[in-house]
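Listing of upload-v2.txt; format and content: compact mmCIF, C-alpha atoms.
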# COMPACT_ATOMS: atom_id res chain seq x y z
CA MET A 1 140.95 143.88 83.39
CA SER A 2 142.71 140.64 82.44
CA THR A 3 140.88 137.32 82.47
CA VAL A 4 142.95 136.08 85.41
CA ALA A 5 142.36 139.23 87.45
CA SER A 6 138.63 139.10 86.73
CA LEU A 7 138.37 135.54 88.12
CA LEU A 8 140.19 136.24 91.39
CA SER A 9 137.95 136.06 94.44
CA ARG A 10 136.67 139.43 95.59
CA LYS A 11 135.15 138.10 98.80
CA PRO A 12 136.49 139.75 101.98
CA ILE A 13 138.28 136.67 103.32
CA PRO A 14 141.48 137.07 105.39
CA SER A 15 144.26 135.67 103.21
CA ARG A 16 145.50 133.21 105.85
CA GLU A 17 142.03 131.67 106.11
CA ARG A 18 142.01 130.83 102.40
CA LEU A 19 144.24 127.81 103.10
CA ILE A 20 142.33 124.86 104.59
CA VAL A 21 144.49 121.93 105.70
CA ALA A 22 142.92 118.49 105.45
CA LEU A 23 143.52 116.45 108.61
CA ASP A 24 143.14 113.13 106.81
CA VAL A 25 145.04 111.12 109.41
CA PRO A 26 144.16 107.80 111.09
CA ASN A 27 143.77 108.99 114.67
CA VAL A 28 143.24 112.04 116.85
CA GLU A 29 146.75 111.80 118.30
CA GLU A 30 148.29 112.37 114.86
CA ALA A 31 145.83 115.19 114.23
CA HIS A 32 146.78 116.91 117.49
CA SER A 33 150.46 116.50 116.65
CA LEU A 34 150.11 118.02 113.19
CA VAL A 35 148.06 120.96 114.46
CA ALA A 36 150.69 121.65 117.12
CA GLN A 37 153.45 121.42 114.53
CA LEU A 38 151.70 123.80 112.15
CA GLY A 39 150.95 126.31 114.91
CA ASP A 40 149.83 129.72 113.69
CA ALA A 41 150.81 128.88 110.10
CA VAL A 42 147.32 127.41 109.66
CA THR A 43 144.01 128.72 110.96
CA PHE A 44 141.51 126.51 109.06
CA TYR A 45 141.20 122.72 109.12
CA LYS A 46 139.07 120.13 107.33
CA LEU A 47 137.93 117.13 109.36
CA GLY A 48 136.81 114.22 107.20
CA LEU A 49 135.57 110.66 107.39
CA GLU A 50 138.89 109.05 108.30
CA LEU A 51 139.18 111.10 111.47
CA PHE A 52 135.47 110.67 112.19
CA MET A 53 135.87 106.89 112.25
CA ALA A 54 138.86 107.15 114.60
CA GLY A 55 136.62 108.37 117.46
CA GLU A 56 136.72 111.58 119.52
CA TYR A 57 135.84 113.59 116.42
CA PHE A 58 133.70 116.16 118.19
CA GLN A 59 136.01 116.46 121.18
CA PHE A 60 138.81 117.26 118.74
CA LEU A 61 136.58 119.71 116.86
CA GLU A 62 135.77 121.51 120.09
CA ARG A 63 139.46 121.74 120.95
CA LEU A 64 140.21 123.35 117.58
CA VAL A 65 137.40 125.86 118.14
CA ARG A 66 138.81 126.72 121.58
CA GLN A 67 142.14 127.39 119.84
CA ARG A 68 140.28 129.84 117.58
CA LYS A 69 140.69 127.66 114.53
CA ARG A 70 138.07 127.45 111.82
CA VAL A 71 136.63 124.02 111.04
CA PHE A 72 135.21 122.44 107.90
CA VAL A 73 133.17 119.32 108.76
CA ASP A 74 133.62 117.33 105.56
CA LEU A 75 131.35 114.32 106.12
CA LYS A 76 129.52 114.68 102.78
CA PHE A 77 126.03 114.12 104.19
CA PHE A 78 124.06 111.83 101.87
CA ASP A 79 120.84 110.38 103.23
CA VAL A 80 117.10 110.95 103.21
CA PRO A 81 116.45 114.71 103.45
CA GLU A 82 115.11 114.68 107.02
CA THR A 83 118.21 112.84 108.23
CA VAL A 84 120.45 115.33 106.45
CA ARG A 85 118.46 118.17 108.02
CA SER A 86 118.92 116.68 111.49
CA ALA A 87 122.63 116.08 110.97
CA VAL A 88 123.21 119.67 109.88
CA ARG A 89 121.10 120.95 112.79
CA GLY A 90 123.42 119.05 115.14
CA LEU A 91 126.38 121.15 113.95
CA ARG A 92 124.80 124.49 114.76
CA ASN A 93 126.32 126.68 117.49
CA ARG A 94 129.44 124.51 117.74
CA GLY A 95 131.85 126.86 116.01
CA VAL A 96 131.70 124.98 112.68
CA THR A 97 132.30 127.18 109.64
CA PHE A 98 131.57 124.78 106.75
CA ALA A 99 129.81 121.42 106.34
CA SER A 100 129.52 119.42 103.14
CA VAL A 101 126.55 117.68 101.57
CA HIS A 102 126.78 115.32 98.61
CA GLY A 103 123.26 114.64 97.45
CA ASN A 104 120.30 115.56 95.30
CA GLN A 105 118.18 118.70 95.32
CA GLU A 106 116.01 117.65 98.27
CA MET A 107 119.06 116.81 100.39
CA MET A 108 120.71 120.15 99.60
CA GLU A 109 117.48 122.01 100.37
CA ALA A 110 117.16 120.19 103.70
CA ALA A 111 120.73 121.14 104.62
CA GLY A 112 120.20 124.74 103.59
CA ALA A 113 116.96 125.06 105.51
CA ASP A 114 118.41 124.22 108.94
CA LYS A 115 122.02 125.36 108.58
CA GLY A 116 121.88 128.16 111.13
CA ASP A 117 125.39 129.56 111.56
CA VAL A 118 126.97 126.80 109.43
CA LYS A 119 127.73 127.45 105.76
CA ILE A 120 126.75 124.52 103.53
CA LEU A 121 129.05 123.40 100.72
CA ALA A 122 127.61 121.13 98.05
CA VAL A 123 130.01 118.66 96.46
CA THR A 124 129.85 118.95 92.68
CA VAL A 125 132.00 116.12 91.27
CA LEU A 126 134.73 114.53 93.40
CA THR A 127 138.22 115.42 92.20
CA SER A 128 139.04 111.71 92.11
CA LEU A 129 136.53 111.21 89.26
CA ASP A 130 136.98 111.78 85.54
CA ARG A 131 134.92 111.27 82.38
CA GLY A 132 135.35 107.48 82.49
CA ASP A 133 134.09 107.35 86.06
CA LEU A 134 131.00 109.35 85.11
CA ASP A 135 130.32 106.85 82.32
CA ASP A 136 130.53 104.04 84.89
CA LEU A 137 128.07 105.91 87.12
CA GLY A 138 125.60 106.38 84.27
CA PHE A 139 126.00 110.13 83.68
CA SER A 140 125.64 111.06 80.03
CA CYS A 141 127.15 114.57 80.32
CA ASP A 142 130.78 115.61 80.67
CA VAL A 143 132.39 116.73 83.93
CA PRO A 144 132.22 120.53 83.34
CA THR A 145 128.54 120.37 82.41
CA LEU A 146 127.69 118.30 85.48
CA VAL A 147 129.69 120.58 87.82
CA LEU A 148 127.97 123.71 86.55
CA SER A 149 124.54 122.09 86.75
CA ARG A 150 125.10 120.97 90.33
CA ALA A 151 126.44 124.40 91.31
CA ARG A 152 123.34 126.12 89.93
CA ARG A 153 121.13 123.67 91.80
CA ALA A 154 123.11 124.21 95.01
CA LEU A 155 122.56 127.96 94.74
CA ALA A 156 118.84 127.44 94.22
CA ALA A 157 118.72 125.07 97.21
CA GLY A 158 120.15 127.64 99.62
CA CYS A 159 123.68 126.32 99.84
CA ASP A 160 126.48 128.81 100.46
CA GLY A 161 129.08 127.29 98.20
CA VAL A 162 130.43 124.29 96.36
CA VAL A 163 133.40 121.99 96.53
CA SER A 164 134.83 121.97 93.02
CA SER A 165 138.04 121.21 91.22
CA GLY A 166 140.06 124.18 90.01
CA VAL A 167 139.66 122.76 86.51
CA GLU A 168 135.96 123.69 86.54
CA ALA A 169 136.21 126.78 88.79
CA PRO A 170 136.55 129.27 85.87
CA SER A 171 133.18 128.29 84.42
CA LEU A 172 131.59 128.57 87.86
CA LYS A 173 133.01 132.06 88.37
CA ARG A 174 132.02 133.21 84.88
CA GLU A 175 128.48 131.85 85.17
CA LEU A 176 127.73 132.53 88.85
CA GLY A 177 130.13 135.31 89.78
CA GLU A 178 130.55 135.83 93.52
CA ARG A 179 127.20 134.29 94.46
CA LEU A 180 128.72 131.01 95.67
CA LEU A 181 131.85 130.20 97.64
CA VAL A 182 134.19 127.95 95.65
CA VAL A 183 136.31 125.60 97.75
CA THR A 184 138.91 123.75 95.69
CA PRO A 185 140.57 120.50 96.81
CA GLY A 186 143.04 118.41 94.85
CA ILE A 187 145.84 120.97 95.11
CA ARG A 188 149.15 119.58 93.95
CA PRO A 189 152.41 121.57 93.75
CA VAL A 190 153.78 119.55 90.83
CA GLU A 191 152.50 117.33 88.06
CA ASN A 192 150.25 114.66 89.53
CA ARG A 193 151.81 111.27 90.10
CA PRO A 194 150.20 108.14 88.56
CA ALA A 195 149.68 106.59 92.03
CA ASP A 196 147.74 109.62 93.26
CA ASP A 197 143.96 109.11 93.54
CA GLN A 198 143.27 112.75 92.63
CA LYS A 199 142.69 113.13 88.88
CA ARG A 200 141.47 116.70 88.25
CA THR A 201 144.16 118.71 90.02
CA VAL A 202 145.68 122.19 89.80
CA ASP A 203 148.44 123.95 91.69
CA LEU A 204 147.85 126.69 94.26
CA GLY A 205 148.30 129.62 91.88
CA GLN A 206 146.10 128.04 89.21
CA ALA A 207 143.33 127.40 91.75
CA PHE A 208 143.06 131.03 92.81
CA ALA A 209 143.55 132.35 89.28
CA SER A 210 140.65 130.10 88.29
CA GLY A 211 138.31 131.64 90.85
CA ALA A 212 138.71 129.56 94.03
CA ASP A 213 137.88 131.35 97.28
CA TYR A 214 139.53 128.67 99.43
CA ILE A 215 141.84 125.75 98.73
CA VAL A 216 142.06 122.46 100.60
CA VAL A 217 145.55 120.98 100.90
CA GLY A 218 146.38 117.66 102.49
CA ARG A 219 149.29 115.49 101.41
CA PRO A 220 151.53 118.28 100.06
CA ILE A 221 151.66 119.66 103.62
CA ARG A 222 151.33 116.48 105.72
CA GLN A 223 153.98 114.59 103.74
CA ALA A 224 156.42 117.50 103.41
CA PRO A 225 159.78 117.16 105.20
CA ASP A 226 158.80 120.26 107.19
CA PRO A 227 154.98 120.65 107.20
CA ARG A 228 155.07 124.06 108.87
CA ALA A 229 157.55 125.41 106.32
CA ALA A 230 155.38 124.02 103.50
CA ALA A 231 152.29 125.71 104.97
CA GLU A 232 154.11 129.02 105.48
CA SER A 233 155.36 128.93 101.90
CA MET A 234 151.80 128.47 100.67
CA GLN A 235 150.58 131.27 102.94
CA ALA A 236 153.23 133.59 101.52
CA THR A 237 152.08 132.80 97.98
CA ILE A 238 148.44 133.38 98.93
CA ALA A 239 149.34 136.72 100.54
CA SER A 240 151.05 137.78 97.31
CA ILE A 241 147.89 136.93 95.35
CA PHE A 242 145.56 138.65 97.83
CA PRO A 243 147.59 141.53 99.34
CA SER A 244 145.81 143.25 102.20
Go ahead and render the structure in this file as structure tokens.
Amino acid sequence: MSTVASLLSRKPIPSRERLIVALDVPNVEEAHSLVAQLGDAVTFYKLGLELFMAGEYFQFLERLVRQRKRVFVDLKFFDVPETVRSAVRGLRNRGVTFASVHGNQEMMEAAGADKGDVKILAVTVLTSLDRGDLDDLGFSCDVPTLVLSRARRALAAGCDGVVSSGVEAPSLKRELGERLLVVTPGIRPVENRPADDQKRTVDLGQAFASGADYIVVGRPIRQAPDPRAAAESMQATIASIFPS
């Protein structure tokens, strides 16, 4: 078996659910409009902090669930463990598939302990950070070492997966196999532009060849001349990688 083939996800995930579209828009009206435009080209959405601060976050979430969409609540819970536990508990039985936590071992354990039907994703190292940023934050190790360490700790804490750049996904797959879900943001179809805030990026094919189970795509779809066509093109590529 080739190295690429050995890293491909073997989890039984419907191919069209492997694409998660980030609804990083300033208001619910724009989110509704984009979902309507994408139609059945997309079945999985990520709802982050920008939309949360716009208001009506949970009403919008409930509408997506009624439309049989999957939802990733990406609020990166970071607080004292009991508060994280309570926040995660509040997402149970609402049709939420994933929720993210961005904290230490005790926070991850608290999230894992009360997750119920929600799968917990631990953020490893944000894709907007690089080695220089880690120096500024006081970390003495390099990015790959930190990502792998945090992934191992997430597994021990009872988390279901991690959010990790495709750059580090191969080491996660080689070290941890299929034990954790790997959700990869920072997908860019072409060489990253200097003005882009994402630093550790890969394209769609590289992400899955590196071991990602899901990818999160925002601007390449939202800013495309035809967002639905861009999403369908990505879905066709994913289907060719994971034929049913």
*Find, counting only C-alpha atoms, the residue in A:Leu180, A:Leu121, A:Glu30, A:Gln206 that gets nearest to A:Arg10.*
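Ranking A:Leu180, A:Leu121, A:Glu30, A:Gln206 by distance to A:Arg10, first place goes to A:Leu180.
For the atom pair formed by atom CA of A:Glu56 and atom CA of A:Val28, the distance is 7.1 Å, given to one decimal.
Relative to atom CA of A:Leu181, atom CA of A:Pro14 is found at 14.1 Å.
With distances restricted to only C-alpha atoms, A:Tyr214 is the closest residue to A:Phe72 from A:Glu168, A:Tyr214, A:Gln37, A:Met53.
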_When you look at A:Ala22 with a cut-off of 6 Å (counting all atoms listed in the file), what residues show up, excluding the ones that are within fewer than 3 positions of it in the same chain? I need them as a list in words._
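So, after excluding close chain neighbours, the residues are Tyr45, Lys46, Val217 and Gly218 of chain A.
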Prev. selection, C-alpha atoms, output as an mmCIF file, in the frame of the given file:
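out_33.cif was written with the following content:
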data_model
loop_
_atom_site.group_PDB
_atom_site.id
_atom_site.type_symbol
_atom_site.label_atom_id
_atom_site.label_comp_id
_atom_site.auth_asym_id
_atom_site.auth_seq_id
_atom_site.Cartn_x
_atom_site.Cartn_y
_atom_site.Cartn_z
ATOM 1 C CA TYR A 45 141.200 122.720 109.120
ATOM 2 C CA LYS A 46 139.070 120.130 107.330
ATOM 3 C CA VAL A 217 145.550 120.980 100.900
ATOM 4 C CA GLY A 218 146.380 117.660 102.490
#
Grab all the atoms of stretch 148-166 of chain A that the file lists, wrap them in a box along x, y and z, add 3 Å per side, and give me centre plus edge lengths in Å (one decimal) as JSON.
{"center_x": 129.4, "center_y": 124.9, "center_z": 93.5, "size_x": 27.3, "size_y": 13.8, "size_z": 19.9}
*Expected answer as a list in words: all residues with atoms within 10 Å of (132.7, 126.9, 98.6), all atoms listed in the file*: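 Residues satisfying the cut-off, written out: Phe98, Ala99, Ser100, Lys119, Ile120, Leu121, Ala122, Val123, Ala151, Cys159, Asp160, Gly161, Val162, Val163, Ser164, Leu180, Leu181, Val182, Val183, Thr184, Ala212, Asp213, Tyr214 and Ile215 of chain A.
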Could you tell me, as a short mmCIF file (atom, residue, chain, number, x, y, z; two decimals) with C-alpha atoms, in the coordinates of the input, which residues have any atom at most 6 Å from (152.1, 125.2, 107.3), counting all atoms listed in the file?
data_model
loop_
_atom_site.label_atom_id
_atom_site.label_comp_id
_atom_site.auth_asym_id
_atom_site.auth_seq_id
_atom_site.Cartn_x
_atom_site.Cartn_y
_atom_site.Cartn_z
CA LEU A 38 151.70 123.80 112.15
CA ALA A 41 150.81 128.88 110.10
CA VAL A 42 147.32 127.41 109.66
CA PRO A 227 154.98 120.65 107.20
CA ARG A 228 155.07 124.06 108.87
CA ALA A 229 157.55 125.41 106.32
CA ALA A 230 155.38 124.02 103.50
CA ALA A 231 152.29 125.71 104.97
CA GLU A 232 154.11 129.02 105.48
#
*Would you work out the distance separating atom CA of A:Met107 from atom CA of A:Thr83, expressed in Å to one decimal?*
8.8 Å
*Give the answer as one residue: which of A:Lys69, A:Leu64, A:Glu106, A:Asn27 has the shortest atom-to-atom distance to A:Pro81, using only C-alpha atoms?*
A:Glu106
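Residue nearest A:Leu146 within the list A:Ile20, A:Leu75, A:Phe242, A:Ser171: A:Ser171 [criterion: smallest interatomic distance, only C-alpha atoms].
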*Mind checking which residues fall within 12 Å of A:Val80, counting all atoms listed in the file, ignoring those fewer than 5 positions away in the same chain, and posting them as a PyMOL selection string?*
chain A and resi 85-87+101-111
Interface rows for stretch 1-84 of chain A against stretch 90-96 of chain A: nearest pair, Å to one decimal, 7 Å, all atoms listed in the file, as JSON lines:
{"residue": "A:Val65", "atom": "CA", "partner": "A:Gly95", "partner_atom": "CA", "distance": 6.0}
{"residue": "A:Arg70", "atom": "CA", "partner": "A:Val96", "partner_atom": "CA", "distance": 6.9}
{"residue": "A:Val71", "atom": "CA", "partner": "A:Val96", "partner_atom": "CA", "distance": 5.3}
{"residue": "A:Phe72", "atom": "CA", "partner": "A:Val96", "partner_atom": "CA", "distance": 6.5}
*asked:* I need the residue nearest A:Glu175 from this list: A:Ala113, A:Thr145, A:Ala157, A:Leu47. Use all atoms listed in the file for the distance.
replied: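 Going through A:Ala113, A:Thr145, A:Ala157, A:Leu47 one by one, the smallest distance to A:Glu175 is for A:Thr145.
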*asked:* I want to know what sits within 12 Å of A:Leu176, based on all atoms listed in the file, with residues of the same chain fewer than 2 positions away left out; could you give that as a list in words?
replied: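 Residues near the query, excluding close chain neighbours: Leu7, Leu148, Ser149, Arg150, Ala151, Arg152, Arg153, Ala154, Leu155, Ala156, Gly161, Val162, Ala169, Pro170, Ser171, Leu172, Lys173, Arg174, Glu178, Arg179, Leu180, Leu181, Val182 and Gly211 of chain A.
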*asked:* Which residue is closest to A:Lys115? Choose from A:Thr237, A:Ser6, A:Thr97, A:Gln223 and count all atoms listed in the file.
replied: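 Using all atoms listed in the file, A:Lys115 sits closest to A:Thr97.
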